[in-house]
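A.B. asks: Pasting a structure below so you can have a look.
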There are 2 protein chains.
Amino acid sequence: MTTAAERTLDEHTLDRIDAWWRAANYLSVGQIYLLDNPLLRRPLSRDDIKPRLLGHWGTTPGLNFIYAHLNRVIRERDLNTLFVAGPGHGGPGVVAGAYLDGTYSELYSAIDRSEDGLRRLFRQFSFPGGIPSHAAPQTPGSIHEGGELGYALSHAYGAAFDNPDLLVAAVVGDGEAETGPLATAWHSNKFLNPEQDGVVLPILHLNGYKIANPTVLARIPESELLDLMRGYGYTPYIVSGAFDIEDPRAVHERMAATLDEILDRIAEIKAAAAAGELDGRPAWPMLILRTPKGWTCPAEIDGHPAENNWRSHQVPLANARDTEAHTRLLESWLASYRPEELFDEQGRPIELITGLAPEGERRMSANPVSNGGLLRRDLRLPDFRDYAVDVPAPGETVAEATRVLGEWLRDVMIANPHDFRLFGPDEIASNRLQAVFETTSKQWNAGYLPIDADNHLAPTGRAMEVLSEHQCQGWLEGYLLTGRHGVFTSYEAFIHIVDSMFNQHAKWLKSAGEVSWRRPVASLNYLLSSHVWRQDHNGASHQDPGFIDHVVNKKADVVRVYLPFDANTLLSTYDHCLRSVDYVNVVVAGKQPAPNWLTMEEAIAHCTRGIGIFPWAGTEVEGEEPDVVLGCAGDIPTLETLAAADILRRRLPDLKVRVVNVVDLMRLQSEGEHPHGLNDREYDALFTADKPVIFAYHGYPWLIHRLTYRRNGHANLHVRGYKEEGTTTTPFDMVMLNDLDRYHLVIDVIDRVPGLAAREAELRQEMQDARLRARQYTREHGEDIPEVAEWTWAGGDRTTRFDTTGGDND
Amino acid sequence: MTTAAERTLDEHTLDRIDAWWRAANYLSVGQIYLLDNPLLRRPLSRDDIKPRLLGHWGTTPGLNFIYAHLNRVIRERDLNTLFVAGPGHGGPGVVAGAYLDGTYSELYSAIDRSEDGLRRLFRQFSFPGGIPSHAAPQTPGSIHEGGELGYALSHAYGAAFDNPDLLVAAVVGDGEAETGPLATAWHSNKFLNPEQDGVVLPILHLNGYKIANPTVLARIPESELLDLMRGYGYTPYIVSGAFDIEDPRAVHERMAATLDEILDRIAEIKAAAAAGELDGRPAWPMLILRTPKGWTCPAEIDGHPAENNWRSHQVPLANARDTEAHTRLLESWLASYRPEELFDEQGRPIELITGLAPEGERRMSANPVSNGGLLRRDLRLPDFRDYAVDVPAPGETVAEATRVLGEWLRDVMIANPHDFRLFGPDEIASNRLQAVFETTSKQWNAGYLPIDADNHLAPTGRAMEVLSEHQCQGWLEGYLLTGRHGVFTSYEAFIHIVDSMFNQHAKWLKSAGEVSWRRPVASLNYLLSSHVWRQDHNGASHQDPGFIDHVVNKKADVVRVYLPFDANTLLSTYDHCLRSVDYVNVVVAGKQPAPNWLTMEEAIAHCTRGIGIFPWAGTEVEGEEPDVVLGCAGDIPTLETLAAADILRRRLPDLKVRVVNVVDLMRLQSEGEHPHGLNDREYDALFTADKPVIFAYHGYPWLIHRLTYRRNGHANLHVRGYKEEGTTTTPFDMVMLNDLDRYHLVIDVIDRVPGLAAREAELRQEMQDARLRARQYTREHGEDIPEVAEWTWAGGDRTTRFDTTGGDND
């Protein structure tokens with residue numbers, strides 16, 4: 001090994017790397033602790049130290065070590081490299097790298113290369129009005145927020161897809177490997193194509209500890225660890241780092257030699273792939289790097305071990321300001337990096353250091369893929385109107401909305417063969433988007449059988465299916481943040497699996513919007529189907545419409561929620577979503593055969609407004625206020641509402657009924673709360689200021705109240721929705737279980753419109769009897785009662801029915 | 001191998017196993033398809049078949065195969081075995097097993113052993129008014145809902161902890177191994193003690209496919225798969241099952257021989273552990289079982305492969321009722337099991353089959369651990385009042401609430417050494433519960449270093465720390481559902497990682513409550529700390545108080561949310577939680593030094609009511625309504641509210657201010673919505689019917705509106721809370737960023753109380769100036785302005801301060 005290392009590194013280069021590493025470590029410690037005296041040109045005093053010491057040291061020297069070594073190979077091999085710091089709480093290190101690269105000063109001119117710039121660099125870190133303690137949107141070169149651990153490899157692979165020349169160095173550390181998402185993300189190598197896609201180099205940084213405990217992978221026998229990595233399909237390489245007594249130079253040599261070996265191997269694989277000579281899936285290299293946690297900090301503090309211990313995870317010298325002994329220890333720690341050798345008289349890093357930085361966009365802090373908006377091009381979208389279903393009259397034709405969307409998405413893929421992908425947890429076909437397989441395959445590199453000709457699998461493809469919502473979300477985020485476009489389709493209930501990932505992405509978008517040099521990225525588009533009302537095969541466990549509730553807690557500037565209720569409204573909605581930037585678009589849509597209500601022209605007009613009256617469905621009299629408003633949002637609630645309106649039209653023809661449908665849920669909120677919010681005048685023009693409103697909503701009913709509580713007439717708003725009642729039963733039984741059915745809506749109208757309850761007791765009773773009859777019929781026959789299953793919309797002449805035999809897969 | 005198999009199985013036993021398997025498969029197909037003609041005693045007709053065919057066949061024959069073989073070894077070795085079906089959508093199989101065991105008829109007398117009983121067994125499955133399609137609370141022997149895949153191994157290990165004689169056979173199948181939670185759950189073996197805990201036997205059931213795609217682990221080379229399992233720390237055994245041409249007997253022999261090998265090895269390990277002769281962590285056996293998906297169903301349907309293909313995942317003959325050819329195919333499929341050999345004249349399974357079932361509670365369907373409430377004993381709880389902090393006057397003393405709770409939890413552990421555990425994702429100490437380490441250790445079996453004497457690690461222990469919220473939640477669920485007690489402590493923001501797991505558990509509790517033979521289990525208790533307002537080290541990525549919003553969408557019967565605001569209220573709340581059953585209790589509490597407001601007697605009275613007036617904090621006049629109500633919930637909002645009340649008392653002494661604090665959030669809801677809800681009279685007595693209410697809330701402000709929108713005076717309710725503004729900054733800057741600070745609350749009062757805005761313009765300006773000054777001071781000094789950090793509560797004589805140097809770990 002030593003011989004290889006000697007070949008790899010000349011003395012000067014070794015000095016460069018070590019100087020970079022020392023400088024980056026110095027800058028990191030400076031950021032955590034110092035307010036002033038940035039070059040230690042006078043004895044460190046209490047006032048030089050921040051009053052609140054906030055941040056994380058433990059992972060940082062390891063990140064700096066990796067960054068320094070990557071710089072060498074990037075320069076020598078002209079590599080196009082993205083750096084993903086899984087332990088992004090090592091923010092001081094990532095910032096230090098960008099500062100030594102020069103990028104930081106280019107983007108933030110006040111943080112220039114001077115003693116004063118250093119002072120500002122140090123002061124701003126984790127300081128009120130400054131920058132966050134983690135890698136964040138403010139950090140040049142980063143697409144990966146620190147904080148919640150688990151997504152480094154998913155993000156890395158997402159960045160690598162369709163970036164054939166990119167190398168993503170993805171550090172996994174500080175226990176991240178124990179998280180579920182990371183534990184499955186290793187398998188991403190089965191979904192990567194060596195020719196079409198870039199390369200991910202996972203670096204498992206084993207520094208021994210997480211917050212307050214050892215990590216599992218640091219403690220299992222090395223033979224098990226190697227088996228595990230081979231089992232994941234990688235060729236593991238190990239570098240074991242210096243533990244205090246050892247000269248860091250020896251570690252530098254080992255690291256450099258191993259990196260060269262790894263990159264030689266990667267180059268061979270890429271060359272073989274380019275020549276078409278690759279036989280099956282390659283065992284890509286991965287690196288296991290063992291270094292001490294908190295490497296180079298004081299060995300002991302107050303009698304407890306610090307370096308190579310979990311105690312260095314955060315701020316090892318918590319009392320540096322208030323305890324003289326700690327102040328001195330901090331001073332000697334800082335001095336141990338020999339800053340006087342690293343910075344010149346003006347406080348500029350010396351050429352020995354800056355000369356290691358790659359040039360221009362080759363710098364990891366300046367790689368354009370890390371500011372994906374720079375690279376994003378608008379999608380070429382086929383005209384969605386060409387995919388419209390024919391709607392001679394409301395309810396006269398039937399379609400599966402997502403299947404129709406699938407045809408358009410197929411052609412979106414054809415028109416955008418390099419920067420659009422579809423992600424799904426084994427649910428693309430179940431959610432009826434299988435038309436995409438006419439033009440693309442599911443990318444698969446895990447092994448083939450002869451039968452796979454039938455399975456739409458191929459080594460290249462633009463559909464990504466893995467039974468992990470975490471992977472789908474992580475890949476898509478990585479793909480979007482590096483400038484591309486995509487859609488994530490999932491069962492509605494199980495999108496909650498990525499609630500926390502959504503949080504982080506929404507927060508990223510919010511903060512990125514405040515960073516002047518970040519350019520807009522494509523929106524993250526969800527298509528949620530197999531929704532709460534039609535989980536025919538699965539019942540209660542698959543019923544949860546609460547992702548919408550979760551999403552609307554995030555910044556209004558960032559989130560959009562749409563509930564298109566038929567094929568044409570879904571097409572119109574999705575065209576809008578794929579044109580948007582910097583949002584999270586949540587679209588919930590049905591996949592079962594269902595009536596089409598609007599022509600494409602009507603759908604476009606309705607979706608453009610996001611909310612509107614269905615004049616054909618109600619019985620209002622022009623120029624007069626209605627007696628009651630039936631509101632609805634979502635396909636099943638819209639169907640039940642229209643059926644209720646139908647009953648009312650036939651049975652109470654004098655009652656003035658208005659039907660209002662909501663596609664863009666955020667229209668309900670006040671204009672002060674959300675940019676899409678209606679003003680009160682507009683709201684009243686739709687819902688009236690004082691008439692009863694019976695609102696049938698797709699999800700948990702309380703959300704509608706939360707969105708409208710400030711509206712006029714809110715006391716008259718009565719919402720029906722999912723209230724956690726459900727099992728494996730028929731579609732109509734599901735709505736009855738939750739009091740969302742047409743008969744119950746009619747009862748609600750009778751109960752809420754003044755005077756009606758007394759007058760229409762008979763109709764009320766009839767509705768109750770109809771519910772009972774439907775319930776009994778279903779219990780007896782196992783399907784919905786024909787009067788519902790083959791209900792005819794009075795406005796047309798066609799029988800519109802629930803397809804009660806259609807089911808979802810799984 | 002054949003020789004071993006011959007030794008293992010005599011001809012008769014082999015016949016038993018095969019007959020059981022055929023019978024279970026027959027019963028499974030019958031459940032999915034048949035309404036009538038359960039024994040095929042006349043030709044199958046259209047009307048014998050269900051109109052809606054719902055369920056999952058693909059995984060089922062494999063589950064039945066495993067179940068049959070386990071029966072043999074349970075009988076021969078008198079094993080205490082729990083069966084966990086990861087692919088619980090194979091519900092027909094799990095039900096079939098319980099029916100052949102006899103348990104099903106014991107618990108559901110109408111489903112007896114007769115032709116009529118069979119008819120009812122078949123009809124009820126996935127039928128309106130019947131049972132769900134998945135394994136569910138209704139399923140005897142199950143603790144694991146089918147539906148969302150990913151938690152089989154976590155549940156299994158949770159069941160095994162502290163059950164030294166239990167064997168948990170945990171099937172992982174249908175792609176579950178691709179999920180993140182499952183991918184990390186293999187590592188649970190590093191947290192299991194061979195002497196104190198039971199054994200988990202993971203059975204990786206590779207049937208090749210998930211819903212519509214091959215699975216990764218079924219397609220990687222076997223050498224990789226074996227490396228992976230060895231890397232996870234197991235000794236893998238493989239049984240490759242018959243693919244159509246092969247005689248199933250040969251597979252039975254291989255399966256039996258391998259199971260015997262595995263169980264011999266497990267017995268050796270257990271014996272060595274009991275004798276204290278075990279050297280380190282054993283490489284527990286695991287089984288890889290390769291069988292065809294949909295095994296034994298028609299090989300082809302309509303020209304497409306069915307058996308050994310993803311097409312058999314759900315219902316292979318979807319048109320069995322309406323297509324004559326399919327009806328005949330179904331008939332011959334059913335006949336292929338030779339039901340006439342399996343059931344007697346009365347429709348009872350023959351002795352050859354029933355004789356394979358273990359006796360009584362040894363039956364996997366009747367194991368008491370699967371109905372944990374049967375085994376649950378009340379915790380012996382030390383008197384929490386003995387742990388009270390001294391509060392001579394409100395705000396006079398300071399404590400870290402969770403640290404105080406930790407002392408009580410320590411003694412809960414001492415008093416309950418076998419059935420109480422604490423789970424945390426590397427956050428027990430960070431959340432200040434480290435007192436528990438005075439009596440217990442973190443259970444750890446992943447390898448030791450000399451330094452670990454310092455780390456509270458031991459091969460046995462009642463604290464479970466792994467950097468995976470999924471594992472913590474899954475282990476705890478398994479532990480609770482098998483009759484024990486526990487607490488999960490997490491950072492507030494990252495509990496969203498288990499949103500979907502919480503959903504499934506809440507749904508399980510709801511359904512289990514409707515199953516007559518299920519006994520109550522201990523509540524699932526969350527202790528969320530490191531909350532949104534005090535993420536000093538981490539900022540935005542760690543700020544999300546929305547888990548409460550997520551939780552309250554679930555059935556009111558099941559969920560409880562508490563926001564104790566100091567040490568004594570936290571003690572009182574948690575005592576209540578640990579005594580409760582069948583709930584999910586969400587408790588959010590602070591860990592930073594904070595003033596204590598109530599004596600223990602006051603805390604008990606306040607927590608018993610869940611909501612109440614702080615007479616010492618307000619300025620109301622007895623017998624008169626206040627001018628304004630300041631509501632608060634959560635520690636930081638309570639502090640700011642009291643500080644605002646303090647300003648008002650000093651500056652507007654004539655203003656009648658009432659302070660109302662809410663600990664039990666569900667008290668705000670209407671009594672019709674939640675069992676804890678106040679009635680309107682009680683609500684008005686606290687908040688008045690028409691006075692302005694300024695409510696400072698811990699989380700997203702909209703939740704308070706969602707809970708109170710039907711209340712009198714809701715239009716006068718003004719809520720402040722977290723609105724997604726935050727970064728790494730000081731505690732007071734955090735509340736200012738979200739307009740929750742004392743000064744802003746005073747401004748809100750001035751703006752809302754009629755007449756005050758005009759009269760008190762000067763005070764209003766002063767408050768705005770105070771905010772500006774505080775902001776500027778913080779930007780300059782990096783800490784909170786002294787007038788806030790050392791604010792003195794007017795009612796006492798002690799300085800109460802934010803500990804702005806205290807930080808969380810990570």
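Labels used: A, B, ... for chains in the order of the structure tokens, numbers from 1 for residues in each chain, and numbers from 1 for ligands as shown.
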Taking 4 positions as the minimum chain separation for residues in the same chain, which residues sit within 7 Å of Glu477 in chain A when counting only C-alpha atoms? Answer as a list in words.

C.D. replies: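 Answer for this query is His155, Gly158, Gln473 and Leu481 of chain A.
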
A.B. asks: Please, could you write that set of residues out with C-alpha atoms as a PDB file, in the first residue's frame?

C.D. replies:
ATOM      1  CA  HIS A 155     -30.258  12.268  -3.060  1.00  0.00           C
ATOM      2  CA  GLY A 158     -31.186  11.104  -7.849  1.00  0.00           C
ATOM      3  CA  GLN A 473     -38.937  10.751  -2.776  1.00  0.00           C
ATOM      4  CA  LEU A 481     -32.471  19.878  -7.191  1.00  0.00           C
TER       5      LEU A 481
END

A.B. asks: Do me a favour and pick out the residues of chain B within 6 Å of chain A, using only C-alpha atoms, as number ranges by chain.

C.D. replies: B: 52, 54-55, 126-129, 132, 147, 178-181, 183-184, 219-220, 224-225, 227-228, 231, 446-447, 467-468, 496-497, 500, 537, 541, 706, 728-729, 779, 782, 805

A.B. asks: Selected residues, N, CA and C atoms, written as a compact mmCIF listing (two decimals), in the first residue's frame, please.

C.D. replies:
# COMPACT_ATOMS: atom_id res chain seq x y z
N ARG B 52 -67.66 -9.38 -6.20
CA ARG B 52 -66.45 -8.55 -6.17
C ARG B 52 -65.34 -9.41 -5.58
N LEU B 54 -61.89 -9.68 -4.06
CA LEU B 54 -60.97 -8.75 -3.41
C LEU B 54 -60.06 -9.50 -2.46
N GLY B 55 -58.80 -9.31 -2.60
CA GLY B 55 -57.86 -9.95 -1.69
C GLY B 55 -56.56 -10.23 -2.42
N SER B 126 -63.40 -10.26 3.09
CA SER B 126 -63.44 -9.10 2.18
C SER B 126 -64.86 -8.82 1.72
N PHE B 127 -65.83 -9.09 2.56
CA PHE B 127 -67.22 -8.92 2.19
C PHE B 127 -67.84 -7.88 3.11
N PRO B 128 -68.74 -7.05 2.60
CA PRO B 128 -69.36 -6.04 3.46
C PRO B 128 -69.93 -6.68 4.73
N GLY B 129 -69.59 -6.09 5.86
CA GLY B 129 -70.03 -6.64 7.13
C GLY B 129 -69.18 -7.81 7.61
N PRO B 132 -61.75 -7.91 7.23
CA PRO B 132 -60.86 -7.26 6.26
C PRO B 132 -60.09 -8.28 5.44
N GLY B 147 -50.95 -4.63 5.11
CA GLY B 147 -51.23 -3.36 4.46
C GLY B 147 -49.95 -2.67 4.14
N GLU B 178 -37.49 -4.31 0.54
CA GLU B 178 -37.02 -3.08 -0.11
C GLU B 178 -37.35 -1.83 0.68
N THR B 179 -38.25 -1.93 1.64
CA THR B 179 -38.60 -0.73 2.41
C THR B 179 -37.45 -0.35 3.33
N GLY B 180 -37.35 0.93 3.62
CA GLY B 180 -36.31 1.39 4.52
C GLY B 180 -36.42 0.77 5.91
N PRO B 181 -37.59 0.85 6.52
CA PRO B 181 -37.70 0.31 7.88
C PRO B 181 -37.27 -1.15 7.97
N ALA B 183 -35.23 -2.68 5.93
CA ALA B 183 -33.81 -2.80 5.60
C ALA B 183 -32.94 -2.52 6.82
N THR B 184 -33.38 -1.68 7.71
CA THR B 184 -32.56 -1.45 8.92
C THR B 184 -32.95 -2.39 10.05
N ARG B 219 -33.65 -11.16 -7.16
CA ARG B 219 -32.94 -11.14 -8.43
C ARG B 219 -31.42 -10.97 -8.30
N ILE B 220 -30.95 -10.55 -7.16
CA ILE B 220 -29.49 -10.42 -7.06
C ILE B 220 -28.88 -11.82 -6.97
N GLU B 224 -24.46 -12.65 -3.43
CA GLU B 224 -24.70 -11.33 -2.83
C GLU B 224 -25.72 -11.41 -1.72
N LEU B 225 -26.76 -12.17 -1.97
CA LEU B 225 -27.82 -12.29 -0.96
C LEU B 225 -27.26 -12.90 0.33
N ASP B 227 -24.12 -12.85 1.28
CA ASP B 227 -23.25 -11.84 1.88
C ASP B 227 -24.08 -10.82 2.67
N LEU B 228 -25.18 -10.42 2.07
CA LEU B 228 -26.01 -9.41 2.72
C LEU B 228 -26.51 -9.92 4.07
N GLY B 231 -23.74 -10.15 6.40
CA GLY B 231 -23.38 -8.78 6.77
C GLY B 231 -24.33 -8.23 7.82
N ALA B 446 -23.47 -5.10 19.86
CA ALA B 446 -22.83 -4.92 18.56
C ALA B 446 -21.31 -4.85 18.66
N GLY B 447 -20.76 -5.06 19.84
CA GLY B 447 -19.32 -4.99 19.96
C GLY B 447 -18.91 -3.90 20.94
N LEU B 467 -30.39 4.75 15.90
CA LEU B 467 -30.71 5.97 15.17
C LEU B 467 -31.74 5.66 14.09
N SER B 468 -32.90 5.22 14.53
CA SER B 468 -34.00 4.94 13.61
C SER B 468 -35.31 5.06 14.36
N HIS B 496 -42.29 12.84 12.93
CA HIS B 496 -43.00 12.71 11.65
C HIS B 496 -42.48 11.52 10.83
N ILE B 497 -41.26 11.09 11.13
CA ILE B 497 -40.71 9.94 10.41
C ILE B 497 -41.63 8.73 10.56
N SER B 500 -46.68 7.41 9.42
CA SER B 500 -47.46 6.33 8.81
C SER B 500 -47.56 5.14 9.76
N HIS B 537 -29.42 24.51 18.42
CA HIS B 537 -28.27 24.08 17.62
C HIS B 537 -28.59 23.84 16.16
N SER B 541 -34.52 22.97 10.13
CA SER B 541 -34.75 21.57 9.77
C SER B 541 -35.33 20.78 10.94
N ARG B 706 -59.17 24.83 14.37
CA ARG B 706 -59.83 23.59 13.96
C ARG B 706 -60.52 22.94 15.16
N THR B 728 -31.20 28.99 13.11
CA THR B 728 -30.34 28.87 14.28
C THR B 728 -30.24 30.25 14.92
N THR B 729 -31.02 30.48 15.95
CA THR B 729 -30.96 31.80 16.57
C THR B 729 -31.28 31.65 18.06
N ARG B 779 -28.92 40.49 17.26
CA ARG B 779 -28.05 40.51 16.07
C ARG B 779 -26.63 40.95 16.43
N GLY B 782 -25.54 38.25 19.85
CA GLY B 782 -25.66 36.80 19.71
C GLY B 782 -26.36 36.15 20.87
N THR B 805 -27.56 29.56 27.05
CA THR B 805 -26.38 28.78 26.69
C THR B 805 -26.70 27.29 26.62

A.B. asks: Show which residues sit within 6 Å of range 608-625 of chain A, as a short mmCIF file (atom, residue, chain, number, x, y, z; two decimals) with N, CA, C and O atoms, in the first residue's frame. Count only C-alpha atoms, and ignore same-chain residues fewer than 6 positions away.

C.D. replies:
data_model
loop_
_atom_site.label_atom_id
_atom_site.label_comp_id
_atom_site.auth_asym_id
_atom_site.auth_seq_id
_atom_site.Cartn_x
_atom_site.Cartn_y
_atom_site.Cartn_z
N LYS A 656 -83.74 26.32 -4.30
CA LYS A 656 -82.68 26.88 -5.14
C LYS A 656 -81.32 26.36 -4.64
O LYS A 656 -80.82 26.80 -3.61
N VAL A 657 -80.78 25.43 -5.39
CA VAL A 657 -79.53 24.75 -5.00
C VAL A 657 -78.39 25.23 -5.88
O VAL A 657 -78.54 25.30 -7.10
N ARG A 658 -77.29 25.54 -5.26
CA ARG A 658 -76.08 25.87 -6.03
C ARG A 658 -75.03 24.80 -5.73
O ARG A 658 -74.85 24.41 -4.59
N VAL A 659 -74.35 24.38 -6.78
CA VAL A 659 -73.25 23.43 -6.60
C VAL A 659 -71.94 24.15 -6.90
O VAL A 659 -71.76 24.72 -7.97
N VAL A 660 -71.03 24.14 -5.91
CA VAL A 660 -69.71 24.76 -6.08
C VAL A 660 -68.65 23.67 -5.93
O VAL A 660 -68.65 22.94 -4.95
N ASN A 661 -67.80 23.59 -6.92
CA ASN A 661 -66.72 22.61 -6.85
C ASN A 661 -65.37 23.30 -6.66
O ASN A 661 -65.11 24.36 -7.23
N VAL A 662 -64.52 22.68 -5.85
CA VAL A 662 -63.20 23.23 -5.57
C VAL A 662 -62.13 22.27 -6.10
O VAL A 662 -62.07 21.12 -5.68
N VAL A 663 -61.33 22.73 -7.02
CA VAL A 663 -60.20 21.93 -7.51
C VAL A 663 -58.92 22.37 -6.79
O VAL A 663 -58.12 21.56 -6.38
N ASP A 664 -58.77 23.66 -6.66
CA ASP A 664 -57.57 24.23 -6.02
C ASP A 664 -57.95 24.54 -4.57
O ASP A 664 -58.57 25.56 -4.27
#

A.B. asks: Using CA of Asn371 in chain B and CA of Asp162 in chain B as the two end points, give the distance in Å to one decimal.

C.D. replies: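 CA of Asp162 in chain B lies at a distance of 16.2 Å from CA of Asn371 in chain B.
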
A.B. asks: I'd like the neighbourhood of Gly360 in chain A as a list in words, where a residue qualifies if any of its atoms comes within 9 Å (using only C-alpha atoms), though same-chain residues fewer than 5 positions away should be ignored.

C.D. replies: Thr103, Ala366 and Asn367 of chain A

A.B. asks: Got time to write the residues from that selection, C-alpha atoms, as a PDB file, in the first residue's frame?

C.D. replies:
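Result file follows (result_37.pdb):
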ATOM      1  CA  THR A 103     -16.912  30.390  -4.203  1.00  0.00           C
ATOM      2  CA  ALA A 366     -19.552  25.782  -7.668  1.00  0.00           C
ATOM      3  CA  ASN A 367     -20.823  22.779  -9.573  1.00  0.00           C
TER       4      ASN A 367
END

A.B. asks: Please list as a list in words every residue within 8 Å of range 474-476 of chain B, counting only C-alpha atoms and excluding residues in the same chain fewer than 4 positions away.

C.D. replies: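 Result of the neighbour search: Tyr151, Ser154, His155, Ala156, Tyr157, Gly158, Ala159, Phe423, His470, Leu480, Gly486, Val487, Phe488, Met501 and Leu524 of chain B.
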
A.B. asks: Tell me, as a list in words, which residues lie within 10 Å of Glu345 in chain B, counting only C-alpha atoms; anything in the same chain fewer than 3 positions away does not count.

C.D. replies: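 What passes the distance filter is Leu39, Ser114, Glu115, Glu340, Arg348, Pro349 and Ile350 of chain B.
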
A.B. asks: Next, write the just-selected residues to a file, as a PDB file, in the first residue's frame, keeping N, CA and C atoms as the atom set.

C.D. replies:
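Final file, out-v7.pdb:
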ATOM      1  N   LEU B  39     -67.628 -26.909  -0.413  1.00  0.00           N
ATOM      2  CA  LEU B  39     -66.865 -28.148  -0.521  1.00  0.00           C
ATOM      3  C   LEU B  39     -66.869 -28.694  -1.939  1.00  0.00           C
ATOM      4  N   SER B 114     -67.941 -27.042  10.065  1.00  0.00           N
ATOM      5  CA  SER B 114     -69.061 -27.690   9.389  1.00  0.00           C
ATOM      6  C   SER B 114     -69.108 -27.096   7.989  1.00  0.00           C
ATOM      7  N   GLU B 115     -69.885 -27.686   7.152  1.00  0.00           N
ATOM      8  CA  GLU B 115     -70.011 -27.135   5.805  1.00  0.00           C
ATOM      9  C   GLU B 115     -70.566 -25.718   5.885  1.00  0.00           C
ATOM     10  N   GLU B 340     -62.075 -33.278  -1.195  1.00  0.00           N
ATOM     11  CA  GLU B 340     -62.796 -34.455  -0.724  1.00  0.00           C
ATOM     12  C   GLU B 340     -61.927 -35.299   0.201  1.00  0.00           C
ATOM     13  N   ARG B 348     -65.837 -31.096   8.183  1.00  0.00           N
ATOM     14  CA  ARG B 348     -64.775 -30.869   9.168  1.00  0.00           C
ATOM     15  C   ARG B 348     -63.431 -31.311   8.611  1.00  0.00           C
ATOM     16  N   PRO B 349     -62.382 -30.546   8.869  1.00  0.00           N
ATOM     17  CA  PRO B 349     -61.055 -31.023   8.446  1.00  0.00           C
ATOM     18  C   PRO B 349     -60.737 -32.352   9.140  1.00  0.00           C
ATOM     19  N   ILE B 350     -60.137 -33.249   8.397  1.00  0.00           N
ATOM     20  CA  ILE B 350     -59.890 -34.588   8.941  1.00  0.00           C
ATOM     21  C   ILE B 350     -58.765 -34.563   9.973  1.00  0.00           C
TER      22      ILE B 350
END

A.B. asks: Once DSSP has gone over the backbone, tell me which residues of range 167-377 of chain B are in helix (DSSP H, G or I), as a PyMOL selection string.

C.D. replies: chain B and resi 176-178+180-191+216-219+222-231+248-274+310-312+324-335+339-342+351-354+360-362+368-374

A.B. asks: Measuring between only C-alpha atoms, which one of A:Gly483, A:Arg385, A:Pro626, A:Pro194 shows the shortest distance to Glu277 in chain A?

C.D. replies: A:Pro194

A.B. asks: Take CA of Gly30 in chain B and CA of Ser142 in chain B and report the distance between them in Å, one decimal.

C.D. replies: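 These atoms are spaced 20.9 Å apart.
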
A.B. asks: Considering only C-alpha atoms, return as a ChimeraX atom specification whatever protein or nucleic-acid residues lie within 12 Å of His252 in chain B, sequence-local ones (same chain, fewer than 6 positions apart) excluded.

C.D. replies: /B:2,5-6,8-11,13-21,62,65-66,68-70,72,239-242,246,258-259,289,291

A.B. asks: Using DSSP assignments from the backbone, pull out every residue in range 278-352 of chain A that falls under strand (DSSP E) and give it to me as an MDAnalysis selection string.

C.D. replies: chainID A and resid 285:290 300:301 304:305
